[in-house]
file run13.cif (mmCIF, C-alpha atoms)
data_upload
#
loop_
_atom_site.label_atom_id
_atom_site.label_comp_id
_atom_site.auth_asym_id
_atom_site.auth_seq_id
_atom_site.Cartn_x
_atom_site.Cartn_y
_atom_site.Cartn_z
CA MET A 1 26.16 8.73 20.87
CA SER A 2 28.91 6.12 21.11
CA VAL A 3 30.68 4.83 17.99
CA GLU A 4 29.34 1.33 18.67
CA LEU A 5 25.75 2.57 18.93
CA LEU A 6 26.14 4.62 15.76
CA GLU A 7 27.41 1.59 13.87
CA LYS A 8 24.40 -0.44 15.06
CA LEU A 9 22.06 2.33 13.96
CA GLU A 10 23.62 2.50 10.49
CA ILE A 11 23.35 -1.27 10.02
CA LEU A 12 19.84 -1.72 11.39
CA SER A 13 18.24 1.36 9.81
CA ASP A 14 19.66 0.36 6.42
CA ALA A 15 18.35 -3.20 6.91
CA ALA A 16 14.83 -1.80 7.53
CA LYS A 17 14.57 0.25 4.33
CA TYR A 18 12.88 -2.52 2.32
CA ASP A 19 9.78 -2.45 4.50
CA VAL A 20 7.32 0.12 3.09
CA ALA A 21 4.36 -0.46 5.44
CA CYS A 22 4.87 2.52 7.74
CA THR A 23 1.87 4.84 7.58
CA SER A 24 0.33 6.12 10.78
CA SER A 25 -3.18 7.46 10.26
CA GLY A 26 -5.99 6.79 12.69
CA VAL A 27 -4.54 7.69 16.09
CA ASP A 28 -5.90 10.51 18.23
CA ARG A 29 -3.90 10.84 21.43
CA ALA A 30 -3.16 14.30 22.75
CA GLY A 31 -0.10 15.30 24.73
CA LYS A 32 -0.18 15.06 28.50
CA LYS A 33 1.62 17.13 31.10
CA GLY A 34 4.67 15.39 32.47
CA GLN A 35 4.89 12.97 29.52
CA LEU A 36 6.51 13.04 26.09
CA GLY A 37 4.95 13.25 22.64
CA SER A 38 1.49 13.05 21.13
CA ALA A 39 -0.23 11.47 18.14
CA ALA A 40 -2.81 13.22 15.94
CA ALA A 41 -5.75 11.70 14.08
CA ALA A 42 -4.49 13.05 10.76
CA GLY A 43 -1.32 11.02 11.15
CA ILE A 44 2.33 11.93 11.32
CA CYS A 45 3.71 14.19 8.62
CA HIS A 46 6.00 11.96 6.57
CA SER A 47 9.02 12.82 4.49
CA PHE A 48 10.12 10.04 2.16
CA THR A 49 13.63 9.50 0.89
CA ALA A 50 14.41 8.30 -2.63
CA ASP A 51 14.49 4.64 -1.55
CA GLY A 52 11.13 4.84 0.24
CA ARG A 53 12.24 5.35 3.84
CA CYS A 54 10.06 7.48 6.10
CA VAL A 55 12.37 9.93 7.81
CA SER A 56 9.93 11.28 10.39
CA LEU A 57 9.85 7.88 12.07
CA LEU A 58 12.84 6.09 13.48
CA LYS A 59 12.53 3.14 11.12
CA VAL A 60 14.79 0.41 12.45
CA LEU A 61 15.17 -3.29 13.16
CA MET A 62 15.64 -4.64 16.65
CA THR A 63 18.20 -6.92 15.02
CA ASN A 64 19.11 -8.13 11.55
CA ILE A 65 20.33 -11.43 12.98
CA CYS A 66 17.78 -13.89 11.65
CA ALA A 67 17.25 -17.62 12.05
CA TYR A 68 15.26 -17.78 8.79
CA ASP A 69 16.68 -18.18 5.30
CA CYS A 70 14.19 -16.36 3.04
CA LYS A 71 15.89 -16.20 -0.36
CA TYR A 72 14.61 -12.71 -1.23
CA CYS A 73 15.73 -11.11 2.04
CA VAL A 74 19.02 -9.29 2.52
CA ASN A 75 18.97 -10.33 6.20
CA ARG A 76 18.65 -14.08 5.58
CA CYS A 77 20.89 -16.22 7.76
CA SER A 78 22.97 -17.53 4.85
CA ASN A 79 23.85 -14.03 3.60
CA ALA A 80 27.25 -12.57 4.47
CA THR A 81 26.25 -9.15 5.79
CA PRO A 82 27.24 -7.13 8.88
CA ARG A 83 25.06 -8.10 11.84
CA ALA A 84 23.98 -6.10 14.87
CA ALA A 85 21.35 -6.08 17.61
CA PHE A 86 20.01 -3.39 19.93
CA SER A 87 19.27 -4.12 23.53
CA PRO A 88 15.80 -2.91 24.58
CA ARG A 89 17.38 -0.17 26.72
CA GLU A 90 19.63 1.04 23.89
CA LEU A 91 16.77 1.33 21.42
CA ALA A 92 14.40 3.01 23.86
CA ASP A 93 17.04 5.57 24.89
CA LEU A 94 17.93 6.22 21.25
CA THR A 95 14.29 6.83 20.34
CA ILE A 96 13.85 9.35 23.15
CA GLN A 97 17.10 11.15 22.29
CA PHE A 98 16.02 11.51 18.67
CA TYR A 99 12.56 12.69 19.71
CA ARG A 100 13.93 15.34 22.06
CA ARG A 101 16.13 16.65 19.24
CA ASN A 102 13.04 16.85 16.99
CA TYR A 103 14.53 14.35 14.53
CA ILE A 104 11.53 12.02 14.69
CA GLU A 105 7.92 11.91 15.79
CA GLY A 106 7.56 8.19 16.35
CA LEU A 107 9.00 4.70 16.00
CA PHE A 108 8.63 1.98 13.37
CA LEU A 109 10.01 -1.23 14.87
CA SER A 110 10.56 -4.56 13.16
CA SER A 111 13.07 -7.33 13.68
CA GLY A 112 14.77 -10.41 12.34
CA ILE A 113 14.08 -13.64 14.19
CA LEU A 114 16.64 -13.73 16.99
CA LYS A 115 16.77 -17.27 18.45
CA THR A 116 12.99 -17.82 18.45
CA PRO A 117 9.84 -15.79 17.61
CA ASP A 118 8.93 -15.64 21.32
CA TYR A 119 12.36 -14.35 22.36
CA THR A 120 12.29 -11.70 19.62
CA CYS A 121 8.80 -10.56 20.56
CA GLU A 122 9.77 -10.33 24.24
CA ARG A 123 12.64 -7.96 23.40
CA MET A 124 10.34 -5.76 21.33
CA ILE A 125 7.81 -5.66 24.18
CA GLU A 126 10.51 -4.72 26.67
CA THR A 127 11.56 -1.82 24.41
CA LEU A 128 8.02 -0.48 24.14
CA GLN A 129 7.43 -0.89 27.87
CA ILE A 130 10.46 1.30 28.62
CA LEU A 131 9.17 3.93 26.19
CA ARG A 132 5.55 3.92 27.38
CA GLU A 133 5.92 3.28 31.12
CA GLU A 134 9.33 4.65 32.08
CA TYR A 135 9.60 7.62 29.69
CA GLY A 136 5.86 8.20 29.40
CA PHE A 137 6.15 8.37 25.60
CA ARG A 138 2.78 9.08 23.95
CA GLY A 139 4.02 9.34 20.36
CA TYR A 140 3.20 7.02 17.50
CA ILE A 141 4.61 3.47 17.50
CA HIS A 142 4.21 0.93 14.70
CA ALA A 143 5.35 -2.58 15.66
CA LYS A 144 5.70 -5.66 13.49
CA ALA A 145 4.07 -8.74 14.98
CA ILE A 146 6.34 -11.77 14.85
CA PRO A 147 4.69 -14.79 13.15
CA GLY A 148 4.97 -17.83 15.37
CA ALA A 149 5.10 -15.88 18.64
CA ASP A 150 2.81 -16.83 21.53
CA ASP A 151 -0.70 -15.35 21.42
CA ARG A 152 -0.19 -13.62 24.77
CA LEU A 153 2.92 -11.86 23.50
CA ILE A 154 1.06 -10.62 20.41
CA ALA A 155 -1.71 -9.32 22.66
CA ARG A 156 0.76 -7.50 24.92
CA LEU A 157 2.51 -5.94 21.93
CA GLY A 158 -0.84 -4.67 20.67
CA MET A 159 -1.52 -2.90 23.97
CA LEU A 160 1.75 -0.95 23.62
CA ALA A 161 1.72 -0.13 19.89
CA ASP A 162 -0.56 2.15 17.87
CA ARG A 163 -0.46 0.08 14.70
CA MET A 164 0.60 -3.50 14.13
CA SER A 165 1.41 -5.34 10.95
CA VAL A 166 2.22 -8.86 9.84
CA ASN A 167 3.95 -9.03 6.47
CA ILE A 168 2.62 -11.66 4.08
CA GLU A 169 5.65 -11.02 1.84
CA LEU A 170 4.63 -13.47 -0.92
CA PRO A 171 1.09 -13.91 -2.27
CA SER A 172 0.85 -17.71 -2.38
CA GLN A 173 1.76 -20.75 -0.32
CA GLN A 174 3.69 -22.15 -3.28
CA SER A 175 5.87 -19.03 -3.44
CA LEU A 176 6.46 -19.15 0.31
CA ARG A 177 7.44 -22.81 0.06
CA LEU A 178 10.02 -22.03 -2.62
CA LEU A 179 11.50 -18.79 -1.32
CA ALA A 180 10.70 -18.75 2.42
CA PRO A 181 10.63 -22.38 3.59
CA ASP A 182 10.65 -21.36 7.27
CA LYS A 183 7.33 -19.49 6.90
CA SER A 184 3.78 -20.63 6.22
CA LYS A 185 0.47 -18.93 5.52
CA ALA A 186 -0.92 -20.36 8.76
CA ASP A 187 1.84 -18.72 10.82
CA ILE A 188 1.16 -15.38 9.11
CA PHE A 189 -2.64 -15.44 9.19
CA ARG A 190 -2.84 -16.55 12.83
CA PRO A 191 -1.44 -13.30 14.32
CA MET A 192 -3.51 -11.35 11.78
CA GLY A 193 -6.63 -13.00 13.15
CA LEU A 194 -5.54 -12.36 16.74
CA ILE A 195 -4.95 -8.68 16.03
CA SER A 196 -8.28 -8.36 14.20
CA SER A 197 -10.13 -10.03 17.08
CA GLY A 198 -8.28 -7.90 19.62
CA ILE A 199 -9.24 -4.68 17.84
CA ALA A 200 -12.90 -5.73 17.59
CA GLN A 201 -13.01 -6.74 21.28
CA ASN A 202 -11.30 -3.53 22.31
CA GLN A 203 -13.89 -1.43 20.49
CA THR A 204 -16.60 -3.19 22.49
CA ASP A 205 -14.69 -2.59 25.73
CA LEU A 206 -14.30 1.12 24.94
CA VAL A 207 -18.06 1.44 24.48
CA ARG A 208 -18.62 -0.08 27.93
CA TYR A 209 -15.67 1.44 29.76
CA ARG A 210 -14.33 4.83 28.71
CA GLY A 211 -10.99 4.26 30.43
CA ALA A 212 -10.30 0.86 28.85
CA PRO A 213 -6.76 0.62 27.40
CA LYS A 214 -6.62 0.75 23.60
CA PHE A 215 -5.44 -2.17 21.50
CA ALA A 216 -3.66 -1.16 18.25
CA PRO A 217 -5.95 1.88 17.77
CA ALA A 218 -4.55 2.60 14.28
CA GLY A 219 -5.39 -0.92 13.10
CA GLN A 220 -3.15 -3.32 11.21
CA SER A 221 -1.53 -3.47 7.79
CA THR A 222 0.59 -5.85 5.72
CA GLN A 223 3.03 -5.87 2.82
CA MET A 224 3.47 -8.01 -0.29
CA ILE A 225 6.55 -8.23 -2.50
CA ILE A 226 5.72 -7.80 -6.20
CA GLY A 227 7.78 -9.34 -8.97
CA ALA A 228 9.87 -11.90 -7.07
CA THR A 229 7.51 -14.74 -8.06
CA PRO A 230 5.31 -15.54 -11.09
CA ASP A 231 2.07 -14.76 -9.19
CA THR A 232 -0.36 -12.75 -11.34
CA ASP A 233 -1.98 -9.42 -10.51
CA LEU A 234 -5.31 -11.25 -10.25
CA GLN A 235 -3.94 -13.55 -7.52
CA ILE A 236 -2.50 -10.58 -5.65
CA LEU A 237 -5.69 -8.52 -5.94
CA ARG A 238 -7.93 -11.39 -4.81
CA LEU A 239 -5.72 -11.92 -1.77
CA THR A 240 -5.77 -8.18 -1.04
CA GLN A 241 -9.57 -8.09 -1.19
CA GLY A 242 -9.81 -11.14 1.07
CA LEU A 243 -7.53 -9.51 3.66
CA TYR A 244 -9.66 -6.37 3.78
CA ARG A 245 -12.87 -8.35 4.16
CA LYS A 246 -11.69 -11.00 6.61
CA TYR A 247 -9.23 -9.12 8.81
CA GLY A 248 -10.34 -5.51 8.39
CA LEU A 249 -6.85 -4.30 7.42
CA LYS A 250 -6.27 -0.57 7.09
CA ARG A 251 -3.80 -0.92 4.23
CA VAL A 252 -2.14 -3.51 2.06
CA PHE A 253 1.22 -2.26 0.83
CA PHE A 254 2.95 -3.44 -2.34
CA SER A 255 6.71 -3.41 -2.70
CA ALA A 256 8.32 -3.83 -6.12
CA TYR A 257 11.03 -6.45 -5.73
CA THR A 258 14.55 -5.05 -5.84
CA PRO A 259 17.05 -7.82 -6.60
CA VAL A 260 19.51 -8.02 -3.71
CA GLN A 261 20.40 -11.70 -3.82
CA SER A 262 21.64 -13.94 -6.63
CA ASP A 263 19.55 -17.10 -6.74
CA ALA A 264 18.21 -19.36 -9.47
CA LEU A 265 14.67 -18.96 -8.10
CA LEU A 266 14.79 -15.15 -8.16
CA PRO A 267 14.93 -12.57 -10.97
CA ALA A 268 18.44 -11.73 -12.16
CA LEU A 269 20.33 -8.96 -10.36
CA THR A 270 20.07 -6.82 -13.51
CA THR A 271 16.25 -6.95 -13.43
CA LYS A 272 14.64 -3.57 -12.82
CA PRO A 273 12.02 -3.29 -10.05
CA PRO A 274 8.48 -3.49 -11.55
CA LEU A 275 7.52 0.01 -10.42
CA LEU A 276 4.70 0.47 -12.96
CA ARG A 277 3.13 -2.81 -11.86
CA GLU A 278 3.37 -1.71 -8.23
CA HIS A 279 1.67 1.58 -9.21
CA ARG A 280 -1.19 -0.23 -10.97
CA LEU A 281 -1.77 -2.42 -7.91
CA TYR A 282 -1.97 0.65 -5.68
CA GLN A 283 -4.51 2.17 -8.09
CA ALA A 284 -6.56 -1.04 -8.00
CA ASP A 285 -6.29 -1.15 -4.20
CA TRP A 286 -7.80 2.34 -4.10
CA LEU A 287 -10.69 1.15 -6.30
CA LEU A 288 -11.38 -1.75 -3.93
CA ARG A 289 -11.41 0.46 -0.83
CA PHE A 290 -13.17 3.61 -2.01
CA TYR A 291 -14.86 3.02 -5.38
CA GLY A 292 -16.87 -0.14 -4.77
CA PHE A 293 -15.05 -2.32 -7.29
CA ASP A 294 -14.56 -6.06 -6.92
CA ALA A 295 -11.31 -7.82 -7.81
CA GLY A 296 -13.19 -9.99 -10.32
CA GLU A 297 -14.40 -6.90 -12.18
CA LEU A 298 -10.92 -5.49 -12.72
CA LEU A 299 -9.17 -8.71 -13.77
CA ASP A 300 -10.11 -12.23 -14.82
CA GLU A 301 -8.46 -15.45 -15.96
CA ARG A 302 -8.31 -14.25 -19.58
CA ALA A 303 -6.53 -11.02 -18.57
CA PRO A 304 -4.86 -11.76 -15.20
CA ASN A 305 -2.48 -8.76 -15.28
CA PHE A 306 -3.11 -5.03 -15.47
CA ASN A 307 -2.81 -3.08 -18.70
CA PRO A 308 0.45 -1.08 -18.58
CA TYR A 309 -0.99 1.73 -20.71
CA LEU A 310 -4.25 2.44 -18.86
CA ASP A 311 -5.01 2.68 -15.17
CA PRO A 312 -7.41 -0.04 -13.87
CA LYS A 313 -10.48 2.22 -13.75
CA CYS A 314 -10.06 3.47 -17.31
CA ASN A 315 -9.29 -0.03 -18.54
CA TRP A 316 -12.53 -1.29 -16.96
CA ALA A 317 -14.55 1.56 -18.50
CA ILE A 318 -13.26 0.93 -22.03
CA HIS A 319 -14.06 -2.77 -21.69
CA HIS A 320 -17.59 -2.05 -20.42
CA MET A 321 -18.90 0.62 -22.76
CA GLU A 322 -22.35 -0.98 -22.48
CA HIS A 323 -22.73 0.87 -19.15
CA PHE A 324 -22.05 4.27 -20.74
CA PRO A 325 -22.83 7.06 -21.25
CA VAL A 326 -24.41 7.80 -17.88
CA GLU A 327 -26.59 10.82 -17.22
CA VAL A 328 -24.88 12.82 -14.44
CA ASN A 329 -28.16 14.36 -13.30
CA ARG A 330 -29.76 10.99 -12.60
CA ALA A 331 -27.03 8.35 -12.30
CA PRO A 332 -26.63 6.61 -8.92
CA TYR A 333 -23.64 7.70 -6.85
CA GLU A 334 -22.10 4.22 -7.22
CA MET A 335 -22.15 4.58 -11.03
CA LEU A 336 -20.66 8.07 -10.94
CA LEU A 337 -17.67 6.61 -9.12
CA ARG A 338 -17.01 4.34 -12.10
CA VAL A 339 -16.71 7.16 -14.62
CA PRO A 340 -13.09 7.99 -15.55
CA GLY A 341 -12.36 11.55 -14.49
CA ILE A 342 -14.81 11.50 -11.56
CA GLY A 343 -13.31 10.85 -8.14
CA VAL A 344 -14.88 10.39 -4.72
CA LYS A 345 -14.99 14.10 -3.89
CA SER A 346 -16.33 15.18 -7.27
CA ALA A 347 -18.99 12.42 -7.16
CA GLN A 348 -20.10 13.68 -3.74
CA ARG A 349 -20.24 17.25 -5.06
CA ILE A 350 -22.31 16.15 -8.07
CA ALA A 351 -24.77 14.33 -5.80
CA LYS A 352 -25.23 17.51 -3.72
CA ALA A 353 -25.26 20.05 -6.56
CA ARG A 354 -27.85 18.28 -8.74
CA ARG A 355 -30.42 18.57 -5.96
CA LEU A 356 -30.47 22.33 -6.60
CA GLY A 357 -30.76 22.14 -10.38
CA PRO A 358 -29.50 20.39 -13.53
CA LEU A 359 -25.76 20.22 -14.07
CA HIS A 360 -23.98 21.14 -17.30
CA PHE A 361 -20.45 20.54 -18.55
CA ASP A 362 -19.20 23.94 -17.40
CA GLY A 363 -20.53 23.25 -13.93
CA LEU A 364 -18.89 19.84 -13.82
CA LYS A 365 -15.52 21.40 -14.59
CA LYS A 366 -15.92 23.81 -11.68
CA ILE A 367 -16.85 20.92 -9.39
CA GLY A 368 -13.53 19.22 -10.17
CA VAL A 369 -14.46 16.64 -12.82
CA VAL A 370 -11.66 15.94 -15.31
CA LEU A 371 -13.72 16.50 -18.46
CA LYS A 372 -10.90 15.44 -20.76
CA ARG A 373 -11.62 11.91 -19.58
CA ALA A 374 -15.20 12.00 -18.34
CA GLN A 375 -16.81 13.55 -21.44
CA TYR A 376 -16.58 10.24 -23.32
CA PHE A 377 -18.70 8.49 -20.68
CA ILE A 378 -21.35 11.01 -19.58
CA THR A 379 -24.22 13.14 -20.78
CA CYS A 380 -25.69 16.28 -19.22
CA SER A 381 -29.46 16.58 -19.65
CA GLY A 382 -29.18 13.99 -22.42
CA LYS A 383 -26.50 15.88 -24.38
CA THR A 384 -22.86 15.09 -25.05
CA ALA A 385 -20.10 17.71 -25.07
CA VAL A 386 -20.30 20.16 -27.98
CA GLY A 387 -18.28 19.02 -31.00
CA LEU A 388 -17.20 15.76 -29.36
CA LYS A 389 -16.67 12.79 -31.65
CA ILE A 390 -16.78 9.63 -29.59
CA SER A 391 -14.63 6.77 -30.87
CA PRO A 392 -12.35 4.16 -29.30
CA GLU A 393 -9.31 6.00 -30.64
CA ALA A 394 -10.37 9.35 -29.19
CA ALA A 395 -11.26 7.81 -25.83
CA PHE A 396 -7.94 6.01 -25.73
CA ARG A 397 -6.02 9.22 -26.39
CA ALA A 398 -7.92 10.95 -23.61
CA LEU A 399 -7.43 8.17 -21.08
CA VAL A 400 -3.81 7.21 -21.65
CA SER A 401 -1.30 9.29 -19.69
CA GLU A 402 1.52 11.17 -21.42
CA ARG A 403 4.05 8.81 -19.89
CA SER A 404 2.17 5.73 -21.13
CA ALA A 405 1.63 7.30 -24.56
CA ALA A 406 5.40 7.75 -24.89
CA MET A 407 5.76 3.97 -24.47
CA LEU A 408 3.72 3.26 -27.62
CA PRO A 409 5.77 2.22 -30.66
CA GLN A 410 4.06 4.83 -32.86
CA ASN A 411 5.33 7.66 -30.62
CA ARG A 412 9.01 7.10 -31.30
CA PRO A 413 10.66 10.17 -32.91
CA GLU A 414 10.67 10.03 -36.72
CA GLN A 415 10.39 12.27 -39.79
CA LEU A 416 6.81 13.49 -40.33
CA SER A 417 4.98 12.91 -43.58
CA LEU A 418 1.64 14.05 -45.01
CA PHE A 419 0.95 10.45 -45.95
CA ASP A 420 1.54 8.93 -42.50
CA GLU A 421 -1.22 7.03 -40.72
CA PRO A 422 -2.71 8.63 -37.54
CA PRO A 423 -0.43 8.22 -34.48
CA VAL A 424 -2.97 5.97 -32.73
CA THR A 425 -5.11 3.69 -34.86
CA ARG A 426 -7.96 1.36 -34.02
CA GLU A 427 -5.56 -1.56 -34.26
CA ASP A 428 -3.24 0.12 -31.75
CA VAL A 429 -6.12 0.55 -29.30
CA VAL A 430 -7.12 -3.10 -29.61
CA SER A 431 -3.52 -4.22 -29.15
CA CYS A 432 -3.05 -2.00 -26.09
CA LEU A 433 -6.27 -3.15 -24.46
CA THR A 434 -5.49 -6.79 -25.04
CA GLY A 435 -1.87 -6.43 -23.93
CA GLN A 436 -0.41 -7.46 -27.30
CA ILE A 437 1.98 -4.50 -27.52
#
call {"tool": "encode", "arguments": {"input": "run13.cif", "output": "structure tokens"}}
result
Amino acid sequence: MSVELLEKLEILSDAAKYDVACTSSGVDRAGKKGQLGSAAAAGICHSFTADGRCVSLLKVLMTNICAYDCKYCVNRCSNATPRAAFSPRELADLTIQFYRRNYIEGLFLSSGILKTPDYTCERMIETLQILREEYGFRGYIHAKAIPGADDRLIARLGMLADRMSVNIELPSQQSLRLLAPDKSKADIFRPMGLISSGIAQNQTDLVRYRGAPKFAPAGQSTQMIIGATPDTDLQILRLTQGLYRKYGLKRVFFSAYTPVQSDALLPALTTKPPLLREHRLYQADWLLRFYGFDAGELLDERAPNFNPYLDPKCNWAIHHMEHFPVEVNRAPYEMLLRVPGIGVKSAQRIAKARRLGPLHFDGLKKIGVVLKRAQYFITCSGKTAVGLKISPEAAFRALVSERSAAMLPQNRPEQLSLFDEPPVTREDVVSCLTGQI
């Protein structure tokens, strides 16, 4: 590899590290004699570095030269940073060289806006055409659609890539107007709609014609930056739910904002990334996709942000004790999913096992139920766990994680006394649940 090419790779791989939307599940394409690579339905095995980069994919930008001036972006045109650009031939050759050396299993390709969206998209398409048609590469490729590019270019890119994504970046039009004046929600949602329609049409074509080419067979995803703007968790979660329902996205990724630019409209450079908030949003996203929850159930206008001490499911359960306890031998599957300590797999096992006979607490533990949490919300044959005293304080202790418990003021190291109050009182629970601590 030439020194010049190595310098480009260092610049453009580092510039791509802030994009977290790089999963690859959903593709089933076997290897073929005379061609390179394959993609499996279970997805590529990923290895993540400390800053979130996926090292089994060549995660890189086509260029970090950008015509846009998004204030939160390290690659904005007004930022003094080293610039570089791959030619389509350079990037395609580099990908194949890395694959042959077993460094990577696929490609994650994004880009700054070089000249115009159409010109940028054309260069990305040319790169993928070299890989697919000249080298016969059958490995996984994730390509970022360029907002503002011509519909025909988006369609062509989708025929060459396995997964596509269009990053929303910021959750509201107001935030985009302030921090990314060159972007608009319409420009972002338009390619999302095109990709969604293309996937739906392609599925129909595959039913009719077995040999029809596949359009983005691994679906599409997006990413939102968390913490750069005053948008609430409720706004973010409602938008996430709308994206799943309207565009059929596979994943919505959340990226805690890391200050990289000094600007009056952005958090100070000393601000720590809101990693706990990002974690809570991922937990809530899981509840939307697999547990049957609605965004309006998890948050509302009175409490628009997630509780830092309890995960969203536990927080919902404590606030809706009127639904509990549920009888595990008779409760609907949908209600079992709402019990803290019962996941999708354990709920499925309960539904199967109770057909053969009544379940008891010992049996639930063997099934995989986390009884430390679930026992406060269930009964077995009308009975609660032996010796269990149900109270808000006890439930709170069971539901709060060790890490969150260490954040409570009462858990700071101090000299013990026989006359001290209990570590967690009823007032503490109320304060934690209402976000007053």
call {"tool": "atom_distance", "arguments": {"input": "run13.cif", "atom1": "CA of Asp300 in chain A", "atom2": "CA of Val252 in chain A"}}
result
20.6 Å
call {"tool": "atom_distance", "arguments": {"input": "run13.cif", "atom1": "CA of Val386 in chain A", "atom2": "CA of Leu364 in chain A"}}
result
14.2 Å
call {"tool": "closest_residue", "arguments": {"input": "run13.cif", "among": "A:Gln201, A:Ser255, A:Ser165, A:Ser87", "to": "Ala218 in chain A", "atoms": "all atoms listed in the file"}}
result
A:Ser165
call {"tool": "resolve_selection", "arguments": {"input": "run13.cif", "expression": "the PyMOL selection byres ((chain A and resi 125) around 9)", "output": "PyMOL selection string"}}
result
chain A and resi 88+120-124+126-130+153+156-157+160
call {"tool": "closest_atom_pairs", "arguments": {"input": "run13.cif", "of": "range 172-238 of chain A", "to": "range 265-289 of chain A", "cutoff": "12 Å", "atoms": "all atoms listed in the file", "output": "tab-separated table"}}
result
residue	atom	partner	partner_atom	distance
A:Ser175	CA	A:Leu265	CA	10.0
A:Leu176	CA	A:Leu265	CA	11.8
A:Arg177	CA	A:Leu265	CA	11.6
A:Leu178	CA	A:Leu265	CA	7.8
A:Leu179	CA	A:Leu265	CA	7.5
A:Ala180	CA	A:Leu265	CA	11.2
A:Gln223	CA	A:Glu278	CA	11.8
A:Met224	CA	A:Glu278	CA	10.1
A:Ile225	CA	A:Glu278	CA	9.2
A:Ile226	CA	A:Glu278	CA	6.8
A:Gly227	CA	A:Pro274	CA	6.4
A:Ala228	CA	A:Leu266	CA	6.0
A:Thr229	CA	A:Leu266	CA	7.3
A:Pro230	CA	A:Leu266	CA	9.9
A:Thr232	CA	A:Arg277	CA	10.5
A:Asp233	CA	A:Leu281	CA	7.5
A:Leu234	CA	A:Leu281	CA	9.8
A:Gln235	CA	A:Leu281	CA	11.3
A:Ile236	CA	A:Leu281	CA	8.5
A:Leu237	CA	A:Leu281	CA	7.5
A:Arg238	CA	A:Leu288	CA	10.3
call {"tool": "residues_around", "arguments": {"input": "run13.cif", "residues": "Glu90 in chain A", "least_positions_apart": "4", "cutoff": "9 Å", "atoms": "only C-alpha atoms", "output": "list in words"}}
result
Leu5, Phe86, Leu94, Thr95 and Thr127 of chain A
call {"tool": "write_last_selection", "arguments": {"input": "run13.cif", "atoms": "C-alpha atoms", "output": "PDB file, in the frame of the given file"}}
result
ATOM      1  CA  LEU A   5      25.750   2.570  18.930  1.00  0.00           C
ATOM      2  CA  PHE A  86      20.010  -3.390  19.930  1.00  0.00           C
ATOM      3  CA  LEU A  94      17.930   6.220  21.250  1.00  0.00           C
ATOM      4  CA  THR A  95      14.290   6.830  20.340  1.00  0.00           C
ATOM      5  CA  THR A 127      11.560  -1.820  24.410  1.00  0.00           C
TER       6      THR A 127
END
call {"tool": "atom_distance", "arguments": {"input": "run13.cif", "atom1": "CA of Lys250 in chain A", "atom2": "CA of Cys66 in chain A"}}
result
27.9 Å
call {"tool": "resolve_selection", "arguments": {"input": "run13.cif", "expression": "the PyMOL selection byres ((chain A and resi 107-110) around 6)", "output": "list of chain:residue names"}}
result
A:Leu57, A:Leu58, A:Lys59, A:Val60, A:Leu61, A:Gly106, A:Ser111, A:Ile141, A:His142, A:Ala143, A:Lys144
call {"tool": "closest_residue", "arguments": {"input": "run13.cif", "among": "A:Leu131, A:Ile188, A:Glu334, A:Ile318", "to": "Arg397 in chain A", "atoms": "all atoms listed in the file"}}
result
A:Ile318
call {"tool": "resolve_selection", "arguments": {"input": "run13.cif", "expression": "the PyMOL selection byres ((chain A and resi 376) around 9)", "output": "PDB file with C-alpha atoms, keeping the file's coordinate frame"}}
result
ATOM      1  CA  PHE A 324     -22.050   4.270 -20.740  1.00  0.00           C
ATOM      2  CA  PRO A 325     -22.830   7.060 -21.250  1.00  0.00           C
ATOM      3  CA  PRO A 340     -13.090   7.990 -15.550  1.00  0.00           C
ATOM      4  CA  LEU A 371     -13.720  16.500 -18.460  1.00  0.00           C
ATOM      5  CA  LYS A 372     -10.900  15.440 -20.760  1.00  0.00           C
ATOM      6  CA  ARG A 373     -11.620  11.910 -19.580  1.00  0.00           C
ATOM      7  CA  ALA A 374     -15.200  12.000 -18.340  1.00  0.00           C
ATOM      8  CA  GLN A 375     -16.810  13.550 -21.440  1.00  0.00           C
ATOM      9  CA  PHE A 377     -18.700   8.490 -20.680  1.00  0.00           C
ATOM     10  CA  ILE A 378     -21.350  11.010 -19.580  1.00  0.00           C
ATOM     11  CA  THR A 379     -24.220  13.140 -20.780  1.00  0.00           C
ATOM     12  CA  THR A 384     -22.860  15.090 -25.050  1.00  0.00           C
ATOM     13  CA  ALA A 385     -20.100  17.710 -25.070  1.00  0.00           C
ATOM     14  CA  LEU A 388     -17.200  15.760 -29.360  1.00  0.00           C
ATOM     15  CA  LYS A 389     -16.670  12.790 -31.650  1.00  0.00           C
ATOM     16  CA  ILE A 390     -16.780   9.630 -29.590  1.00  0.00           C
ATOM     17  CA  SER A 391     -14.630   6.770 -30.870  1.00  0.00           C
ATOM     18  CA  ALA A 394     -10.370   9.350 -29.190  1.00  0.00           C
ATOM     19  CA  ALA A 395     -11.260   7.810 -25.830  1.00  0.00           C
ATOM     20  CA  ALA A 398      -7.920  10.950 -23.610  1.00  0.00           C
TER      21      ALA A 398
END
call {"tool": "residues_around", "arguments": {"input": "run13.cif", "residues": "Ser197 in chain A", "least_positions_apart": "6", "cutoff": "12 Å", "atoms": "only C-alpha atoms", "output": "list in words"}}
result
Asp151, Ile154, Ala155, Gly158, Arg190, Pro191, Gln203, Thr204, Phe215, Ala216, Gly219, Gln220, Lys246, Tyr247, Gly248 and Leu249 of chain A
